[in-house]
Amino acid sequence: MAETSSEEELSVVNDNNHKSTNNIPIEIVSDEEMALIEAAFALASSSSARSLSLSASIRSSSSPSPPSPLLHTNALSIKSITLLAKRRLSTETSNGNGNGNVNHPDIEDLLPKKTRLHDSFLHRYRRSRGLSVTDLTAAEWCEKQKEFSLTRGGRRTTKAMRAGIARHVELEEEVMKRVAVKIATKEDGWALKFLNFIHGVNQLLFTGLTRELPIIAYIGNVWMVGVIDEIQMPLTKEHHNPILIDTKTRVRDTLPSEAQRRNGRFQLMCYKYLWDNTIANDFPSGKFFTYFSLNPHHILAEDLQVTIAGSDFCVSASDKNLTLDDMVRYYTNTLKMLAPAHDQLLLRYEYQEDKSLLAEDKFEYDSEWLKNQIQSCLEFWHGQREASYAPEDERWKCRYCQFARDCEGYAESMTPKEDSNDDTCVTHGEDISSQISS
């Protein structure tokens with residue numbers, strides 16, 4: 001199972017208000033999309049070499065910008081949080097939402113009963129890494145465009161996309177600093193992802209804010225992954241439901257179209273759906289190891305062991321040879337400390353030129369609408385039907401699609417633009433190919 005040794009990007013957050021490292025909450029956030037971000041920067045500088053390394057982040061709490069009025073600092077110490085994460089907690093998890101109780105949609109009912117397994121896009125392109133949230137949002141934007149990007153090698157990265165990616169890296173570095181760690185196998189890579197999540201949760205509970213939190217969920221026989229842009233804790237101590245936030249940048253100082261707002265809402269609702277289902281259900285570690293062909297007894301790379309020992313992860317003296325199975329156990333215990341995400345979600349739209357806030361879109365989670373959207377997207381990914389074109393009233397999207405001239409749904413009266421820089425709205429998603437233009 002060994003892969004070529006690679007270097008992962010980690011992020012460290014330092015809190016100037018805490019002098020002792022033992023009191024500093026440290027988190028490692030494995031940013032699935034960071035590899036794509038690095039690839040985008042490499043593409044922007046016309047680099048001929050492309051790194052095959054994964055990317056991740058090791059973070060300890062820093063002194064970020066003054067917290068939002070929506071935030072509060074949790075009184076729990078980082079020691080108590082990390083020690084709780086190591087305990088074998090009960091498998092029972094309470095259900096709830098911002099108002100009390102929530103009934104999670106049953107995605108089992110969404111999945112197609114019959115699939116053409118071996119020729120589906122899911123089997124051909126995502127069987128080794130899972131279906132990302134931006135895979136879903138890209139299909140919602142235009143299934144035909146997503147089909148072309150899969151079969152023809154992905155969409156090009158435009159100037160607007162590169163600018164948006166750079167802005168999100170800047171936002172990320174407000175709360176973390178990247179350092180490098182070497183890994184040798186895919187088991188090490190997944191261990192970093194779990195460790196990143198654990199430390200991300202520590203930072204959230206300790207400071208009330210975290211960014212670029214990786215998430216993985218097993219929902220209805222489908223592994224889904226994502227990276228949540230930002231999570232905040234509410235100001236009021238009576239509420240413990242984290243608030244999910246996503247920031248998108250725009251080239252022009254105009255409000256997004258209805259199609260963009262819908263797509264952004266879908267993305268953020270998917271993150272809440274993954275979050276809620278992950279903390280409400282036992283993590284199926286056996287299925288995880290089998291699906292991704294992982295060795296649970298693999299002893300983590302020495303560099304990774306040193307990284308863990310040097311963090312505030314609080315490994316015991318007996319944990320000198322941590323395995324991937326150990327990290328999964330710590331991860332599942334951490335999940336049990338969390339509450340469902342708040343029903344109110346927040347999208348921010350920012351002007352690229354001066355970083356000013358154009359608009360905030362606060363909206364409520366709509367489980368029935370999300371259920372229908374996911375069902376439609378999964379029909380496409382499972383090969384239950386042919387890819388659909390953008391709706392007639394949204395064919396303006398074709399002007400910004402690099403595949404328009406080869407698409408039967410393209411209207412002859414419309415001329416595709418050579419570069420979709422004019423009105424691109426960029427989100428910090430884990431799949432650059434799914435970035436959308438207005």
# chains A, B, ... in the order shown; residues from 1 in each chain; ligands from 1
>>> residues_around(residues="Ile279 (chain A)", least_positions_apart="4", cutoff="8 Å", atoms="only C-alpha atoms", output="VMD selection string")
chain A and resid 93 275 335 to 336 338 to 340
>>> atom_distance(atom1="CA of Tyr389 (chain A)", atom2="CA of Ser149 (chain A)")
13.9 Å
>>> residues_around(residues="Phe266 (chain A)", least_positions_apart="2", cutoff="8 Å", atoms="only C-alpha atoms", output="list in words")
Thr137, Arg262, Asn263, Gly264, Leu268, Met269, Cys270, Leu370 and Gln373 of chain A
>>> select_by_dssp(residues="region 163-287 of chain A", states="alpha helix (DSSP H)", output="PyMOL selection string")
chain A and resi 163-173+186-207+258-280+285-287
>>> closest_residue(among="A:Ser285, A:Trp396, A:Arg127, A:Arg265", to="Lys362 (chain A)", atoms="only C-alpha atoms")
A:Arg265
>>> select_by_dssp(residues="region 220-295 of chain A", states="strand (DSSP E)", output="PyMOL selection string")
chain A and resi 222-232+243-250
>>> closest_residue(among="A:Gly409, A:Ala139, A:Val328, A:Asp246", to="Glu392 (chain A)", atoms="only C-alpha atoms")
A:Gly409
>>> closest_residue(among="A:Leu205, A:Tyr349, A:Tyr400, A:Ser120", to="Arg156 (chain A)", atoms="only C-alpha atoms")
A:Tyr400
>>> closest_residue(among="A:Tyr331, A:Phe148, A:Tyr410, A:Trp141", to="Ile216 (chain A)", atoms="only C-alpha atoms")
A:Tyr331
>>> residues_around(residues="Arg261 (chain A)", least_positions_apart="6", cutoff="10 Å", atoms="only C-alpha atoms", output="list in words")
Leu255, Gln267, Leu347, Tyr349, Asp361 and Ser438 of chain A
>>> atom_distance(atom1="CA of Thr151 (chain A)", atom2="CA of Cys398 (chain A)")
18.1 Å
>>> atom_distance(atom1="CA of Gly226 (chain A)", atom2="CA of Glu170 (chain A)")
19.7 Å
